[in-house]
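J.: Sending over final_16.cif (mmCIF, C-alpha atoms and all ligand atoms).
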```
data_model
loop_
_atom_site.label_atom_id
_atom_site.label_comp_id
_atom_site.auth_asym_id
_atom_site.auth_seq_id
_atom_site.Cartn_x
_atom_site.Cartn_y
_atom_site.Cartn_z
CA MET A 1335 12.40 15.14 8.47
CA THR A 1336 14.68 12.79 10.38
CA ASP A 1337 16.90 13.75 13.31
CA ARG A 1338 19.63 14.35 10.75
CA GLY A 1339 17.49 16.52 8.48
CA PRO A 1340 15.51 15.53 5.41
CA VAL A 1341 16.62 12.41 3.54
CA LYS A 1342 17.27 13.12 -0.12
CA PRO A 1343 15.73 10.56 -2.46
CA LEU A 1344 17.70 8.79 -5.10
CA ARG A 1345 15.87 9.01 -8.42
CA THR A 1346 15.61 5.70 -10.25
CA GLU A 1347 13.64 4.54 -13.29
CA ARG A 1348 11.27 2.86 -10.86
CA GLY A 1349 10.67 5.81 -8.61
CA ASP A 1350 12.34 7.84 -5.89
CA VAL A 1351 14.07 5.81 -3.19
CA TYR A 1352 14.33 7.18 0.36
CA VAL A 1353 16.63 5.25 2.70
CA TYR A 1354 16.13 5.70 6.47
CA GLU A 1355 18.06 4.41 9.46
CA SER A 1356 15.27 2.37 11.00
CA ALA A 1357 11.82 0.90 10.52
CA ASP A 1358 10.48 3.52 12.94
CA GLU A 1359 11.77 6.30 10.73
CA VAL A 1360 10.20 4.68 7.68
CA ALA A 1361 6.85 4.63 9.49
CA ARG A 1362 7.16 8.25 10.59
CA GLU A 1363 8.20 9.57 7.20
CA ALA A 1364 5.51 7.55 5.43
CA ALA A 1365 2.91 9.01 7.81
CA ASP A 1366 4.25 12.50 7.09
CA MET A 1367 4.11 11.93 3.35
CA LEU A 1368 0.53 10.68 3.63
CA VAL A 1369 -0.40 13.86 5.49
CA GLY A 1370 1.22 15.98 2.77
CA ILE A 1371 -0.34 14.11 -0.13
CA VAL A 1372 -3.84 13.96 1.38
CA SER A 1373 -3.74 17.66 2.32
CA GLY A 1374 -2.64 18.52 -1.22
CA VAL A 1375 -5.54 16.57 -2.71
CA LEU A 1376 -8.06 18.11 -0.29
CA ALA A 1377 -6.90 21.61 -1.18
CA ASP A 1378 -8.40 21.03 -4.63
CA ARG A 1379 -11.11 18.43 -4.16
CA SER A 1380 -13.73 17.46 -1.62
CA VAL A 1381 -12.55 13.88 -1.07
CA ALA A 1382 -9.18 12.08 -1.06
CA ARG A 1383 -9.15 8.39 -1.97
CA VAL A 1384 -6.52 6.29 -0.25
CA ALA A 1385 -5.87 2.54 -0.62
CA LEU A 1386 -4.27 0.89 2.41
CA ALA A 1387 -1.69 -1.90 2.39
CA GLY A 1388 -1.94 -5.05 4.47
CA GLY A 1389 0.85 -7.02 6.09
CA SER A 1390 2.85 -6.02 9.13
CA THR A 1391 5.03 -3.11 7.90
CA PRO A 1392 2.28 -0.48 7.61
CA LYS A 1393 0.89 -1.18 11.07
CA ALA A 1394 3.37 1.17 12.77
CA MET A 1395 2.49 3.91 10.30
CA TYR A 1396 -1.25 3.42 10.90
CA ARG A 1397 -0.73 3.59 14.66
CA LEU A 1398 1.19 6.83 14.28
CA LEU A 1399 -1.51 8.33 12.09
CA ALA A 1400 -4.02 7.48 14.83
CA SER A 1401 -1.88 9.06 17.56
CA PRO A 1402 -2.73 12.49 19.01
CA ALA A 1403 0.31 14.06 17.33
CA PHE A 1404 -0.90 13.06 13.87
CA ARG A 1405 -4.66 12.62 14.08
CA GLU A 1406 -5.55 16.28 13.67
CA ARG A 1407 -3.25 16.71 10.70
CA VAL A 1408 -5.59 14.86 8.34
CA ASP A 1409 -9.20 15.85 7.68
CA TRP A 1410 -10.36 12.23 7.94
CA ARG A 1411 -14.00 13.19 7.40
CA ARG A 1412 -13.06 13.83 3.78
CA VAL A 1413 -10.98 10.68 3.24
CA GLU A 1414 -12.34 7.58 1.52
CA ILE A 1415 -10.54 4.33 2.31
CA PHE A 1416 -9.90 1.41 -0.06
CA PHE A 1417 -7.69 -1.67 0.24
CA GLY A 1418 -4.94 -2.88 -2.08
CA ASP A 1419 -5.69 -6.50 -1.26
CA GLU A 1420 -7.37 -8.78 1.22
CA ARG A 1421 -6.92 -12.27 2.54
CA CYS A 1422 -10.02 -14.43 2.03
CA VAL A 1423 -11.07 -14.57 5.66
CA PRO A 1424 -13.89 -12.88 7.60
CA PRO A 1425 -13.34 -9.24 8.62
CA ASP A 1426 -12.78 -10.14 12.28
CA HIS A 1427 -10.18 -12.83 11.50
CA ALA A 1428 -6.63 -12.33 12.80
CA ASP A 1429 -5.30 -12.44 9.20
CA SER A 1430 -7.72 -9.83 7.85
CA ASN A 1431 -6.06 -6.72 6.44
CA TYR A 1432 -9.25 -4.81 7.17
CA ARG A 1433 -9.12 -5.87 10.81
CA MET A 1434 -5.49 -4.78 11.13
CA ALA A 1435 -6.24 -1.39 9.56
CA ARG A 1436 -9.38 -0.95 11.65
CA GLU A 1437 -7.64 -1.72 14.93
CA ALA A 1438 -4.53 0.34 14.18
CA LEU A 1439 -6.15 3.33 12.46
CA LEU A 1440 -9.72 3.34 11.24
CA ASP A 1441 -11.38 2.97 14.65
CA HIS A 1442 -9.41 5.94 15.97
CA VAL A 1443 -10.13 8.62 13.37
CA PRO A 1444 -13.44 10.27 12.44
CA LEU A 1445 -14.18 8.35 9.25
CA GLY A 1446 -17.75 7.69 8.22
CA ALA A 1447 -18.53 3.94 7.94
CA ASP A 1448 -19.75 4.55 4.40
CA ARG A 1449 -16.31 5.95 3.56
CA VAL A 1450 -14.52 2.64 4.23
CA HIS A 1451 -14.65 0.22 1.31
CA ARG A 1452 -13.35 -3.12 2.47
CA ILE A 1453 -12.91 -6.18 0.27
CA ALA A 1454 -15.39 -8.85 1.40
CA GLY A 1455 -12.87 -11.53 2.34
CA GLU A 1456 -15.65 -13.69 3.78
CA ARG A 1457 -17.28 -14.14 0.36
CA PRO A 1458 -16.14 -16.55 -2.38
CA PRO A 1459 -13.04 -14.90 -3.95
CA ALA A 1460 -14.51 -14.35 -7.42
CA GLU A 1461 -17.63 -12.74 -5.93
CA ALA A 1462 -15.61 -10.54 -3.61
CA ALA A 1463 -13.46 -9.39 -6.54
CA ALA A 1464 -16.52 -8.68 -8.71
CA GLN A 1465 -18.11 -6.71 -5.90
CA TYR A 1466 -14.93 -4.67 -5.38
CA GLN A 1467 -14.68 -4.05 -9.10
CA GLN A 1468 -18.13 -2.45 -8.91
CA THR A 1469 -17.07 -0.31 -5.96
CA LEU A 1470 -14.04 0.88 -7.92
CA THR A 1471 -16.03 1.55 -11.07
CA ARG A 1472 -18.24 3.92 -9.09
CA ILE A 1473 -15.29 6.23 -8.48
CA GLY A 1474 -14.32 6.51 -12.14
CA ASP A 1475 -13.61 4.63 -15.31
CA PRO A 1476 -10.76 3.93 -15.05
CA PRO A 1477 -10.68 4.56 -11.30
CA ARG A 1478 -7.89 6.83 -10.16
CA LEU A 1479 -6.93 6.53 -6.51
CA ASP A 1480 -5.14 9.54 -5.04
CA LEU A 1481 -2.76 7.52 -2.91
CA VAL A 1482 -1.93 3.82 -2.79
CA LEU A 1483 0.14 2.42 0.08
CA LEU A 1484 1.98 -0.78 -0.69
CA GLY A 1485 4.33 -3.23 0.99
CA MET A 1486 6.58 -5.80 -0.62
CA GLY A 1487 7.20 -9.45 0.23
CA PRO A 1488 10.62 -11.15 0.08
CA ASP A 1489 9.54 -12.71 -3.24
CA GLY A 1490 8.83 -9.28 -4.72
CA HIS A 1491 5.04 -9.52 -4.47
CA THR A 1492 2.99 -6.47 -3.70
CA ALA A 1493 -0.68 -6.26 -2.79
CA SER A 1494 -1.51 -9.87 -3.78
CA LEU A 1495 0.34 -9.82 -7.09
CA PHE A 1496 2.39 -12.94 -6.39
CA PRO A 1497 5.07 -14.40 -8.70
CA GLY A 1498 3.74 -16.89 -11.23
CA THR A 1499 0.05 -16.09 -10.74
CA PRO A 1500 -2.27 -15.36 -13.70
CA VAL A 1501 -3.35 -12.06 -12.18
CA LEU A 1502 0.01 -10.56 -13.23
CA ALA A 1503 -1.17 -10.60 -16.85
CA GLU A 1504 -4.46 -8.91 -16.03
CA THR A 1505 -4.98 -5.77 -18.10
CA ARG A 1506 -8.75 -5.27 -17.90
CA ALA A 1507 -10.07 -6.31 -14.49
CA LEU A 1508 -9.72 -3.78 -11.69
CA ALA A 1509 -9.83 -6.38 -8.90
CA ALA A 1510 -9.20 -10.11 -9.20
CA PRO A 1511 -9.15 -13.30 -7.13
CA VAL A 1512 -5.78 -15.04 -6.85
CA TYR A 1513 -4.88 -18.42 -5.39
CA VAL A 1514 -1.44 -18.36 -3.82
CA ASP A 1515 0.03 -21.87 -3.87
CA LYS A 1516 2.71 -21.31 -1.28
CA LEU A 1517 0.20 -19.85 1.17
CA GLU A 1518 -2.46 -22.38 0.17
CA SER A 1519 -4.98 -19.62 0.28
CA TRP A 1520 -7.06 -17.24 -1.75
CA ARG A 1521 -6.71 -13.51 -1.83
CA VAL A 1522 -8.37 -10.68 -3.71
CA THR A 1523 -6.18 -7.95 -5.11
CA LEU A 1524 -6.30 -4.73 -7.05
CA THR A 1525 -4.63 -5.32 -10.40
CA ALA A 1526 -1.45 -3.68 -11.66
CA PRO A 1527 -3.25 -1.20 -13.98
CA VAL A 1528 -5.29 0.18 -11.07
CA LEU A 1529 -2.26 0.45 -8.81
CA SER A 1530 -0.26 2.15 -11.57
CA ALA A 1531 -3.05 4.63 -12.31
CA ALA A 1532 -2.82 6.06 -8.78
CA ALA A 1533 -1.62 9.63 -8.53
CA HIS A 1534 0.82 8.73 -5.75
CA VAL A 1535 2.23 5.39 -4.58
CA LEU A 1536 4.20 4.93 -1.37
CA ILE A 1537 5.96 1.58 -0.99
CA THR A 1538 7.29 0.87 2.49
CA THR A 1539 9.55 -2.07 3.09
CA VAL A 1540 12.02 -2.86 5.85
CA GLY A 1541 14.41 -5.57 6.99
CA GLU A 1542 17.16 -7.73 5.62
CA GLU A 1543 14.73 -10.33 4.30
CA LYS A 1544 13.53 -7.75 1.74
CA ALA A 1545 17.03 -6.79 0.54
CA ASP A 1546 17.23 -9.19 -2.43
CA ALA A 1547 13.73 -8.35 -3.63
CA LEU A 1548 14.42 -4.62 -3.38
CA ALA A 1549 17.66 -4.89 -5.34
CA THR A 1550 15.87 -6.92 -8.01
CA ALA A 1551 12.85 -4.63 -8.13
CA LEU A 1552 15.00 -1.56 -8.63
CA THR A 1553 17.71 -2.85 -10.92
CA ALA A 1554 16.57 -5.96 -12.84
CA PRO A 1555 14.82 -5.73 -16.22
CA ALA A 1556 11.01 -5.60 -16.07
CA GLY A 1557 9.37 -8.95 -15.39
CA ALA A 1558 11.78 -10.08 -12.68
CA VAL A 1559 9.41 -9.48 -9.74
CA PRO A 1560 5.71 -8.53 -9.65
CA ILE A 1561 6.16 -5.19 -7.90
CA GLN A 1562 7.84 -3.92 -11.07
CA LEU A 1563 4.39 -3.94 -12.68
CA VAL A 1564 3.44 -0.95 -10.54
CA ARG A 1565 4.48 2.20 -12.36
CA ALA A 1566 2.77 5.26 -11.01
CA ILE A 1567 3.89 8.74 -11.99
CA ASP A 1568 4.80 9.63 -8.40
CA GLN A 1569 6.19 6.42 -6.95
CA ARG A 1570 8.24 6.57 -3.76
CA TRP A 1571 10.06 3.73 -2.01
CA LEU A 1572 10.60 4.24 1.73
CA VAL A 1573 13.05 1.64 2.96
CA ASP A 1574 15.37 1.11 5.88
CA ARG A 1575 19.13 0.67 5.70
CA THR A 1576 19.01 -3.12 5.98
CA ALA A 1577 16.49 -3.49 3.16
CA ALA A 1578 18.54 -1.12 0.99
CA GLN A 1579 21.88 -2.82 1.53
CA LYS A 1580 21.98 -5.14 -1.53
CA TRP A 1581 20.56 -2.50 -3.82
CA ARG A 1582 23.24 -0.05 -2.68
CA GLU A 1583 25.93 -2.60 -3.49
CA LYS A 1584 24.67 -2.72 -7.06
CA ILE A 1585 24.58 0.98 -7.81
C1 LIG B 1 -0.74 -8.61 2.44
C2 LIG B 1 -0.20 -7.54 1.60
C3 LIG B 1 1.17 -7.74 1.06
C4 LIG B 1 2.17 -7.14 2.02
C5 LIG B 1 3.53 -7.73 1.80
C6 LIG B 1 4.54 -7.25 2.83
O1 LIG B 1 -1.94 -8.71 2.57
O2 LIG B 1 0.07 -9.37 2.99
O3 LIG B 1 -0.91 -6.45 1.31
O4 LIG B 1 1.39 -7.31 -0.21
O5 LIG B 1 2.22 -5.75 1.88
O6 LIG B 1 3.42 -9.11 1.92
O7 LIG B 1 4.10 -7.66 4.08
P1 LIG B 1 4.89 -7.35 5.40
O8 LIG B 1 4.83 -5.90 5.58
O9 LIG B 1 4.12 -8.10 6.46
O10 LIG B 1 6.26 -7.88 5.18
#
```
What is this file in structure tokens?

T.:
Amino acid sequence: MTDRGPVKPLRTERGDVYVYESADEVAREAADMLVGIVSGVLADRSVARVALAGGSTPKAMYRLLASPAFRERVDWRRVEIFFGDERCVPPDHADSNYRMAREALLDHVPLGADRVHRIAGERPPAEAAAQYQQTLTRIGDPPRLDLVLLGMGPDGHTASLFPGTPVLAETRALAAPVYVDKLESWRVTLTAPVLSAAAHVLITTVGEEKADALATALTAPAGAVPIQLVRAIDQRWLVDRTAAQKWREKI
């Protein structure tokens, strides 16, 4: 609920799009939706499995979830944490998605250490991916995450599904290594089939630099940008006004 009442989503072929006034509102509403989804899962099952996004956009949401106002609203003891992708750096490196999530959220809520499944960014990429594949296989075949949080880059990548990389064609592997030329670095990512198999996907993206990618993702034919490969049954886009601007011009 925003100060002006609940935002009504616009239904599109690629999911429900919620447009908010600011990045802060996106973070707050995403945190609220996480609370609702996780509580719904825990009403029926003993554990909820959530994959976190990296990058900078989710940080505000993680901080909110760790704040006193939110912390008690999730039964963190029954939440199992996964990651959508990881940069190939050690877990204490400034670029590590695990480190960001740990500092903003995981260290502040009562999660058991054995409930946090990080991708071993310090290991050779292929080994880290193989190890994560095993972790995922243990939760089901195919694994079905309850909630996947995602961000989107200005080039339309999500997790580490970058344009022009072979991992986009992956249909069997659950996790894969990917070399990203423009970043000159390796990453390990969940593959599109795993992301799409999630029960719920929340994509948060804000800022003018994402406006072109968002318009393309929501209106261009499939294959234009990698994030279009993610097609979960309940897929919600939480965006701010500036990110939504070019998409709105097209509809
Ligand atoms: C990462 C990601 C990536 C991210 C987007 C958006 O490790 O960088 O998981 O997919 O979500 O690049 O990142 P920002 O939120 O920083 O723009």

J.: Have a look at A:Ile1473, A:Ile1453, A:Ile1371, A:Leu1481 and name the one nearest to ligand LIG 1 (chain B); count all atoms listed in the file.

T.: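 Using all atoms listed in the file, the shortest distance to ligand LIG 1 (chain B) belongs to A:Ile1453.
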
J.: Could you give me, as a short mmCIF file (atom, residue, chain, number, x, y, z; two decimals) with C-alpha atoms, keeping the file's coordinate frame, the residues within 7 Å of range 1494-1501 of chain A, counting all atoms listed in the file and dropping anything in the same chain fewer than 3 positions from it?

T.:
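Here's the written file selection_34.cif:
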```
data_model
loop_
_atom_site.label_atom_id
_atom_site.label_comp_id
_atom_site.auth_asym_id
_atom_site.auth_seq_id
_atom_site.Cartn_x
_atom_site.Cartn_y
_atom_site.Cartn_z
CA ASP A 1419 -5.69 -6.50 -1.26
CA HIS A 1491 5.04 -9.52 -4.47
CA GLU A 1504 -4.46 -8.91 -16.03
CA ALA A 1510 -9.20 -10.11 -9.20
CA VAL A 1512 -5.78 -15.04 -6.85
CA ARG A 1521 -6.71 -13.51 -1.83
CA VAL A 1522 -8.37 -10.68 -3.71
CA THR A 1523 -6.18 -7.95 -5.11
CA VAL A 1559 9.41 -9.48 -9.74
CA PRO A 1560 5.71 -8.53 -9.65
#
```

J.: Show me, as JSON lines, the residues of chain A having an atom within 8 Å of ligand LIG 1 (chain B), each with the closest atom pair and its distance in Å, using only C-alpha atoms and all ligand atoms.

T.:
```
{"residue": "A:Ala1387", "atom": "CA", "partner": "B:LIG1", "partner_atom": "O3", "distance": 4.7}
{"residue": "A:Gly1388", "atom": "CA", "partner": "B:LIG1", "partner_atom": "O3", "distance": 3.6}
{"residue": "A:Gly1389", "atom": "CA", "partner": "B:LIG1", "partner_atom": "O9", "distance": 3.5}
{"residue": "A:Ser1390", "atom": "CA", "partner": "B:LIG1", "partner_atom": "O9", "distance": 3.6}
{"residue": "A:Thr1391", "atom": "CA", "partner": "B:LIG1", "partner_atom": "O8", "distance": 3.6}
{"residue": "A:Pro1392", "atom": "CA", "partner": "B:LIG1", "partner_atom": "O8", "distance": 6.3}
{"residue": "A:Gly1418", "atom": "CA", "partner": "B:LIG1", "partner_atom": "O3", "distance": 6.4}
{"residue": "A:Asp1419", "atom": "CA", "partner": "B:LIG1", "partner_atom": "O3", "distance": 5.4}
{"residue": "A:Glu1420", "atom": "CA", "partner": "B:LIG1", "partner_atom": "O1", "distance": 5.6}
{"residue": "A:Arg1421", "atom": "CA", "partner": "B:LIG1", "partner_atom": "O1", "distance": 6.1}
{"residue": "A:Ser1430", "atom": "CA", "partner": "B:LIG1", "partner_atom": "O1", "distance": 7.9}
{"residue": "A:Asn1431", "atom": "CA", "partner": "B:LIG1", "partner_atom": "O1", "distance": 6.0}
{"residue": "A:Leu1484", "atom": "CA", "partner": "B:LIG1", "partner_atom": "O5", "distance": 5.6}
{"residue": "A:Gly1485", "atom": "CA", "partner": "B:LIG1", "partner_atom": "O5", "distance": 3.4}
{"residue": "A:Met1486", "atom": "CA", "partner": "B:LIG1", "partner_atom": "C6", "distance": 4.3}
{"residue": "A:Gly1487", "atom": "CA", "partner": "B:LIG1", "partner_atom": "O6", "distance": 4.2}
{"residue": "A:Pro1488", "atom": "CA", "partner": "B:LIG1", "partner_atom": "O10", "distance": 7.5}
{"residue": "A:His1491", "atom": "CA", "partner": "B:LIG1", "partner_atom": "O4", "distance": 6.0}
{"residue": "A:Thr1492", "atom": "CA", "partner": "B:LIG1", "partner_atom": "O4", "distance": 3.9}
{"residue": "A:Ala1493", "atom": "CA", "partner": "B:LIG1", "partner_atom": "O4", "distance": 3.5}
{"residue": "A:Ser1494", "atom": "CA", "partner": "B:LIG1", "partner_atom": "O4", "distance": 5.3}
{"residue": "A:Leu1495", "atom": "CA", "partner": "B:LIG1", "partner_atom": "O4", "distance": 7.4}
{"residue": "A:Thr1538", "atom": "CA", "partner": "B:LIG1", "partner_atom": "O8", "distance": 7.8}
{"residue": "A:Thr1539", "atom": "CA", "partner": "B:LIG1", "partner_atom": "O8", "distance": 6.6}
{"residue": "A:Val1540", "atom": "CA", "partner": "B:LIG1", "partner_atom": "O10", "distance": 7.7}
```

J.: Generate the output file for the selected residues, C-alpha atoms, as a tab-separated table (two decimals), in the coordinates of the input.

T.:
```
chain	number	residue	atom	x	y	z
A	1387	ALA	CA	-1.69	-1.90	2.39
A	1388	GLY	CA	-1.94	-5.05	4.47
A	1389	GLY	CA	0.85	-7.02	6.09
A	1390	SER	CA	2.85	-6.02	9.13
A	1391	THR	CA	5.03	-3.11	7.90
A	1392	PRO	CA	2.28	-0.48	7.61
A	1418	GLY	CA	-4.94	-2.88	-2.08
A	1419	ASP	CA	-5.69	-6.50	-1.26
A	1420	GLU	CA	-7.37	-8.78	1.22
A	1421	ARG	CA	-6.92	-12.27	2.54
A	1430	SER	CA	-7.72	-9.83	7.85
A	1431	ASN	CA	-6.06	-6.72	6.44
A	1484	LEU	CA	1.98	-0.78	-0.69
A	1485	GLY	CA	4.33	-3.23	0.99
A	1486	MET	CA	6.58	-5.80	-0.62
A	1487	GLY	CA	7.20	-9.45	0.23
A	1488	PRO	CA	10.62	-11.15	0.08
A	1491	HIS	CA	5.04	-9.52	-4.47
A	1492	THR	CA	2.99	-6.47	-3.70
A	1493	ALA	CA	-0.68	-6.26	-2.79
A	1494	SER	CA	-1.51	-9.87	-3.78
A	1495	LEU	CA	0.34	-9.82	-7.09
A	1538	THR	CA	7.29	0.87	2.49
A	1539	THR	CA	9.55	-2.07	3.09
A	1540	VAL	CA	12.02	-2.86	5.85
```

J.: Tell me, as a CSV table (one decimal) with C-alpha atoms, in the coordinates of the input, which residues lie within 12 Å of Arg1565 in chain A, counting all atoms listed in the file; anything in the same chain fewer than 4 positions away does not count.

T.:
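Written file, out-v7.csv:
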```csv
chain,number,residue,atom,x,y,z
A,1346,THR,CA,15.6,5.7,-10.2
A,1347,GLU,CA,13.6,4.5,-13.3
A,1348,ARG,CA,11.3,2.9,-10.9
A,1349,GLY,CA,10.7,5.8,-8.6
A,1350,ASP,CA,12.3,7.8,-5.9
A,1482,VAL,CA,-1.9,3.8,-2.8
A,1525,THR,CA,-4.6,-5.3,-10.4
A,1526,ALA,CA,-1.4,-3.7,-11.7
A,1527,PRO,CA,-3.2,-1.2,-14.0
A,1528,VAL,CA,-5.3,0.2,-11.1
A,1529,LEU,CA,-2.3,0.4,-8.8
A,1530,SER,CA,-0.3,2.2,-11.6
A,1531,ALA,CA,-3.0,4.6,-12.3
A,1532,ALA,CA,-2.8,6.1,-8.8
A,1533,ALA,CA,-1.6,9.6,-8.5
A,1534,HIS,CA,0.8,8.7,-5.8
A,1535,VAL,CA,2.2,5.4,-4.6
A,1536,LEU,CA,4.2,4.9,-1.4
A,1537,ILE,CA,6.0,1.6,-1.0
A,1551,ALA,CA,12.8,-4.6,-8.1
A,1552,LEU,CA,15.0,-1.6,-8.6
A,1556,ALA,CA,11.0,-5.6,-16.1
A,1560,PRO,CA,5.7,-8.5,-9.6
A,1561,ILE,CA,6.2,-5.2,-7.9
A,1569,GLN,CA,6.2,6.4,-7.0
A,1570,ARG,CA,8.2,6.6,-3.8
A,1571,TRP,CA,10.1,3.7,-2.0
```

J.: Rounded to one decimal place, report the CA of Thr1576 in chain A-CA of Pro1555 in chain A distance in Å.

T.: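 That distance, rounded to one decimal, is 22.7 Å.
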
J.: Neighbours of Arg1457 in chain A within 10 Å (all atoms listed in the file; same-chain residues fewer than 5 positions away dropped), as number ranges by chain?

T.: A: 1422-1424, 1462-1463, 1465

J.: Please measure the separation of CA of Ala1454 in chain A and CA of Tyr1466 in chain A, giving the value in Å to one decimal.

T.: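 Atom-to-atom, CA of Ala1454 in chain A and CA of Tyr1466 in chain A are spaced 8.0 Å apart.
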
J.: Mind dumping a table of every range 1391-1464 of chain A residue within 8 Å of range 1372-1384 of chain A, with the nearest atom pair and its distance in Å to one decimal, using all atoms listed in the file, sorted by chain and rising number, as a tab-separated table?

T.:
```
residue	atom	partner	partner_atom	distance
A:Val1408	CA	A:Ser1373	CA	6.9
A:Asp1409	CA	A:Ser1373	CA	7.9
A:Arg1412	CA	A:Val1381	CA	4.9
A:Val1413	CA	A:Ala1382	CA	4.9
A:Glu1414	CA	A:Arg1383	CA	4.8
A:Ile1415	CA	A:Val1384	CA	5.2
A:Phe1416	CA	A:Val1384	CA	5.9
```

J.: By how many Å are CA of Tyr1352 in chain A and CA of Met1395 in chain A apart?

T.: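 Interatomic distance here is 15.8 Å.
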
J.: Could you give me the centre and size, in Å to one decimal, of an axis-aligned box around all listed atoms of range 1422-1440 of chain A with 8 Å added on every side, as lines of an AutoDock Vina configuration file?

T.:
```
center_x = -9.2
center_y = -5.6
center_z = 8.5
size_x = 25.4
size_y = 33.9
size_z = 28.9
```

J.: Counting all atoms listed in the file, which residue out of A:Tyr1354, A:Leu1439, A:Pro1340, A:Leu1548 sits closest to Arg1575 in chain A?

T.: A:Tyr1354

J.: Kindly complete range 1422-1435 of chain A to N, CA and C atoms; the output should be written as a PDB file, in the frame of the given file.

T.:
```
ATOM      1  N   CYS A1422      -8.635 -13.956   2.057  1.00  0.00           N
ATOM      2  CA  CYS A1422     -10.020 -14.430   2.030  1.00  0.00           C
ATOM      3  C   CYS A1422     -10.421 -15.061   3.364  1.00  0.00           C
ATOM      4  N   VAL A1423     -10.651 -14.201   4.303  1.00  0.00           N
ATOM      5  CA  VAL A1423     -11.070 -14.570   5.660  1.00  0.00           C
ATOM      6  C   VAL A1423     -12.117 -13.533   6.096  1.00  0.00           C
ATOM      7  N   PRO A1424     -12.910 -13.857   7.108  1.00  0.00           N
ATOM      8  CA  PRO A1424     -13.890 -12.880   7.600  1.00  0.00           C
ATOM      9  C   PRO A1424     -13.215 -11.633   8.170  1.00  0.00           C
ATOM     10  N   PRO A1425     -13.956 -10.522   8.225  1.00  0.00           N
ATOM     11  CA  PRO A1425     -13.340  -9.240   8.620  1.00  0.00           C
ATOM     12  C   PRO A1425     -12.834  -9.194  10.061  1.00  0.00           C
ATOM     13  N   ASP A1426     -13.270 -10.144  10.892  1.00  0.00           N
ATOM     14  CA  ASP A1426     -12.780 -10.140  12.280  1.00  0.00           C
ATOM     15  C   ASP A1426     -11.666 -11.165  12.497  1.00  0.00           C
ATOM     16  N   HIS A1427     -11.230 -11.804  11.414  1.00  0.00           N
ATOM     17  CA  HIS A1427     -10.180 -12.830  11.500  1.00  0.00           C
ATOM     18  C   HIS A1427      -8.816 -12.170  11.758  1.00  0.00           C
ATOM     19  N   ALA A1428      -7.956 -12.887  12.471  1.00  0.00           N
ATOM     20  CA  ALA A1428      -6.630 -12.330  12.800  1.00  0.00           C
ATOM     21  C   ALA A1428      -5.812 -12.008  11.546  1.00  0.00           C
ATOM     22  N   ASP A1429      -6.073 -12.692  10.429  1.00  0.00           N
ATOM     23  CA  ASP A1429      -5.300 -12.440   9.200  1.00  0.00           C
ATOM     24  C   ASP A1429      -5.902 -11.325   8.329  1.00  0.00           C
ATOM     25  N   SER A1430      -7.043 -10.807   8.715  1.00  0.00           N
ATOM     26  CA  SER A1430      -7.720  -9.830   7.850  1.00  0.00           C
ATOM     27  C   SER A1430      -6.964  -8.504   7.798  1.00  0.00           C
ATOM     28  N   ASN A1431      -6.698  -8.040   6.589  1.00  0.00           N
ATOM     29  CA  ASN A1431      -6.060  -6.720   6.440  1.00  0.00           C
ATOM     30  C   ASN A1431      -6.988  -5.615   6.937  1.00  0.00           C
ATOM     31  N   TYR A1432      -8.273  -5.797   6.689  1.00  0.00           N
ATOM     32  CA  TYR A1432      -9.250  -4.810   7.170  1.00  0.00           C
ATOM     33  C   TYR A1432      -9.195  -4.722   8.689  1.00  0.00           C
ATOM     34  N   ARG A1433      -9.162  -5.892   9.338  1.00  0.00           N
ATOM     35  CA  ARG A1433      -9.120  -5.870  10.810  1.00  0.00           C
ATOM     36  C   ARG A1433      -7.868  -5.143  11.313  1.00  0.00           C
ATOM     37  N   MET A1434      -6.735  -5.436  10.700  1.00  0.00           N
ATOM     38  CA  MET A1434      -5.490  -4.780  11.130  1.00  0.00           C
ATOM     39  C   MET A1434      -5.623  -3.257  10.976  1.00  0.00           C
ATOM     40  N   ALA A1435      -6.124  -2.831   9.820  1.00  0.00           N
ATOM     41  CA  ALA A1435      -6.240  -1.390   9.560  1.00  0.00           C
ATOM     42  C   ALA A1435      -7.266  -0.752  10.503  1.00  0.00           C
TER      43      ALA A1435
END
```
